[in-house]
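Here is the structure we will look at.
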Amino acid sequence: MQNFHAEATGLVSVERSQFGLWEEDEFAEGGSWMDLPLCDETPGVTLAEGAVKVRSSIRDHYAEVTLELTDHPVCPEGFRLLARVPYRSRTGRIEAWTLFSGPASVMLDLAGGERNFVLSVFWEIASNSDDRISVNLPCGVERFHFAFEPAAE
């Protein structure tokens with residue numbers, strides 16, 4: 001069995017309580033992550049092939065987002081599991097997107113083109129006094145961790 005591990009972390013602007021993950025694909029049908037319905041749960045996720053829409057618990061702020069490719073997803077300390085769902089990659093490269101500003105410079109190569117994954121989405125709100133936080137914002141920081149695990153073929 002291959003060992004997979006790659007990770008990207010950064011700040012994403014959460015606008016109107018939402019942001020997305022998207023695999024930009026000019027040949028894809030069905031639109032972008034913005035076309036997905038907003039989840040009823042707060043926080044929560046909605047997904048389709050090549051796209052994830054996240055509903056944040058806070059309206060307008062910056063969230064710390066981690067995208068991880070791993071063969072052994074582990075819930076980070078202090079987080080809770082929001083979802084563990086099948087995910088179909090179209091292009092093998094996923095990127096965080098903001099509602100109004102476009103790409104958020106947090107992207108991850110998922111090691112290949114079309115492929116199936118199990119996506120685990122973890123969430124927490126941490127205080128700035130938490131030494132695990134890599135940003136300095138005036139209030140608590142909402143954090144999302146997306147772990148992509150290659151599905152058994």
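Chain labels run A, B, ... following the order of the structure tokens; each chain numbers its residues from 1, and ligands are numbered from 1 in the order shown.
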Report task. For stretch 108-113 of chain A, please output as a count of residues only all residues within 9 Å (counting only C-alpha atoms; exclusion window: fewer than 5 positions along the same chain). Result -> 16
Query - DSSP-assigned strand (DSSP E or B) among chain A, expressed as a PyMOL selection string - result: chain A and resi 5-15+18-22+44-48+51-55+61-70+80-89+93-98+102-109+115-126+141-150
Query - Residues near stretch 81-88 of chain A, cut-off 7 Å, only C-alpha atoms, skip fewer than 6 positions along chain, as JSON, numbers by chain - result: {"A": [44, 49, 50, 115, 116, 117, 118, 119, 120, 121, 122, 123]}
Query - Residues near stretch 15-26 of chain A, cut-off 8 Å, only C-alpha atoms, skip fewer than 5 positions along chain, as a PyMOL selection string - result: chain A and resi 32-34+50-61+89-100
Since we have the selection now, will you write its residues out, keeping N, CA and C atoms, as an mmCIF file, in the first residue's frame?
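Result file is result-v3.cif:
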```
data_model
loop_
_atom_site.group_PDB
_atom_site.id
_atom_site.type_symbol
_atom_site.label_atom_id
_atom_site.label_comp_id
_atom_site.auth_asym_id
_atom_site.auth_seq_id
_atom_site.Cartn_x
_atom_site.Cartn_y
_atom_site.Cartn_z
ATOM 1 N N SER A 32 -20.086 25.452 -10.692
ATOM 2 C CA SER A 32 -19.048 25.482 -9.663
ATOM 3 C C SER A 32 -19.630 25.181 -8.287
ATOM 4 N N TRP A 33 -18.784 25.298 -7.276
ATOM 5 C CA TRP A 33 -19.212 25.084 -5.889
ATOM 6 C C TRP A 33 -20.314 26.056 -5.494
ATOM 7 N N MET A 34 -20.341 27.254 -6.115
ATOM 8 C CA MET A 34 -21.341 28.266 -5.752
ATOM 9 C C MET A 34 -22.755 27.825 -6.117
ATOM 10 N N GLY A 50 -16.228 17.060 -7.568
ATOM 11 C CA GLY A 50 -15.315 18.175 -7.807
ATOM 12 C C GLY A 50 -15.633 19.455 -7.064
ATOM 13 N N ALA A 51 -16.585 19.431 -6.123
ATOM 14 C CA ALA A 51 -16.958 20.672 -5.439
ATOM 15 C C ALA A 51 -17.476 20.403 -4.027
ATOM 16 N N VAL A 52 -17.145 21.327 -3.121
ATOM 17 C CA VAL A 52 -17.622 21.276 -1.740
ATOM 18 C C VAL A 52 -18.037 22.688 -1.350
ATOM 19 N N LYS A 53 -19.219 22.851 -0.764
ATOM 20 C CA LYS A 53 -19.655 24.147 -0.248
ATOM 21 C C LYS A 53 -19.722 24.037 1.265
ATOM 22 N N VAL A 54 -19.114 25.000 1.940
ATOM 23 C CA VAL A 54 -19.036 24.982 3.396
ATOM 24 C C VAL A 54 -19.894 26.096 3.961
ATOM 25 N N ARG A 55 -20.719 25.748 4.923
ATOM 26 C CA ARG A 55 -21.477 26.754 5.667
ATOM 27 C C ARG A 55 -20.781 26.950 7.004
ATOM 28 N N SER A 56 -20.334 28.157 7.224
ATOM 29 C CA SER A 56 -19.596 28.517 8.429
ATOM 30 C C SER A 56 -20.563 28.885 9.545
ATOM 31 N N SER A 57 -20.066 28.836 10.762
ATOM 32 C CA SER A 57 -20.886 29.251 11.901
ATOM 33 C C SER A 57 -20.779 30.751 12.159
ATOM 34 N N ILE A 58 -19.890 31.423 11.432
ATOM 35 C CA ILE A 58 -19.665 32.864 11.582
ATOM 36 C C ILE A 58 -19.848 33.507 10.211
ATOM 37 N N ARG A 59 -20.474 34.683 10.153
ATOM 38 C CA ARG A 59 -20.835 35.279 8.866
ATOM 39 C C ARG A 59 -19.649 35.756 8.034
ATOM 40 N N ASP A 60 -18.972 36.788 8.406
ATOM 41 C CA ASP A 60 -17.889 37.365 7.598
ATOM 42 C C ASP A 60 -16.619 37.401 8.430
ATOM 43 N N HIS A 61 -15.645 36.615 8.056
ATOM 44 C CA HIS A 61 -14.397 36.523 8.813
ATOM 45 C C HIS A 61 -13.372 35.747 7.986
ATOM 46 N N SER A 89 -13.093 13.074 -7.285
ATOM 47 C CA SER A 89 -12.252 14.127 -7.852
ATOM 48 C C SER A 89 -12.348 14.074 -9.375
ATOM 49 N N ARG A 90 -12.424 15.250 -10.001
ATOM 50 C CA ARG A 90 -12.465 15.324 -11.464
ATOM 51 C C ARG A 90 -11.083 15.552 -12.053
ATOM 52 N N THR A 91 -10.282 16.386 -11.381
ATOM 53 C CA THR A 91 -9.015 16.824 -11.972
ATOM 54 C C THR A 91 -7.790 16.437 -11.155
ATOM 55 N N GLY A 92 -7.975 16.096 -9.891
ATOM 56 C CA GLY A 92 -6.843 15.765 -9.033
ATOM 57 C C GLY A 92 -6.186 16.973 -8.395
ATOM 58 N N ARG A 93 -6.793 18.151 -8.519
ATOM 59 C CA ARG A 93 -6.246 19.361 -7.885
ATOM 60 C C ARG A 93 -7.408 20.183 -7.337
ATOM 61 N N ILE A 94 -7.444 20.350 -6.020
ATOM 62 C CA ILE A 94 -8.553 21.062 -5.379
ATOM 63 C C ILE A 94 -8.040 22.350 -4.750
ATOM 64 N N GLU A 95 -8.899 23.370 -4.744
ATOM 65 C CA GLU A 95 -8.493 24.691 -4.262
ATOM 66 C C GLU A 95 -9.632 25.327 -3.474
ATOM 67 N N ALA A 96 -9.282 26.065 -2.419
ATOM 68 C CA ALA A 96 -10.282 26.822 -1.657
ATOM 69 C C ALA A 96 -10.661 28.078 -2.441
ATOM 70 N N TRP A 97 -11.946 28.403 -2.434
ATOM 71 C CA TRP A 97 -12.464 29.574 -3.144
ATOM 72 C C TRP A 97 -13.339 30.392 -2.205
ATOM 73 N N THR A 98 -13.285 31.712 -2.388
ATOM 74 C CA THR A 98 -14.165 32.605 -1.639
ATOM 75 C C THR A 98 -15.369 32.953 -2.504
ATOM 76 N N LEU A 99 -16.419 33.426 -1.893
ATOM 77 C CA LEU A 99 -17.648 33.737 -2.613
ATOM 78 C C LEU A 99 -17.454 34.864 -3.620
ATOM 79 N N PHE A 100 -16.770 35.942 -3.219
ATOM 80 C CA PHE A 100 -16.634 37.106 -4.089
ATOM 81 C C PHE A 100 -15.240 37.292 -4.671
#
```
Query - Gap from atom CA of A:Val45 to atom CA of A:Glu153 - Å, one decimal - result: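 Result for atom CA of A:Val45 versus atom CA of A:Glu153: 24.8 Å, one decimal.
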Query raised in the report: When you draw a straight line from atom CA of A:Tyr62 to atom CA of A:Leu36, how long is it in Å?
Result: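 So the two atoms, atom CA of A:Tyr62 and atom CA of A:Leu36, lie 21.2 Å apart.
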Query - Who sits within 7 Å of A:Gly78, only C-alpha atoms, same chain under 2 positions skipped, as a PyMOL selection string - result: chain A and resi 76+80+124
Residues just named, written with N, CA and C atoms as a PDB file, in the first residue's frame:
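Below you can see again33.pdb, which holds the result:
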```pdb
ATOM      1  N   PRO A  76      -7.909  16.083  14.140  1.00  0.00           N
ATOM      2  CA  PRO A  76      -6.959  16.930  14.863  1.00  0.00           C
ATOM      3  C   PRO A  76      -7.472  17.252  16.270  1.00  0.00           C
ATOM      4  N   ARG A  80     -14.013  18.611  15.848  1.00  0.00           N
ATOM      5  CA  ARG A  80     -15.057  17.594  15.815  1.00  0.00           C
ATOM      6  C   ARG A  80     -15.340  17.247  14.358  1.00  0.00           C
ATOM      7  N   GLU A 124     -13.418  23.314  14.176  1.00  0.00           N
ATOM      8  CA  GLU A 124     -13.337  23.824  15.552  1.00  0.00           C
ATOM      9  C   GLU A 124     -13.289  25.345  15.537  1.00  0.00           C
TER      10      GLU A 124
END
```
Query raised in the report: When you draw a straight line from atom CA of A:Ala126 to atom CA of A:Glu142, how long is it in Å?
Result: 6.4 Å
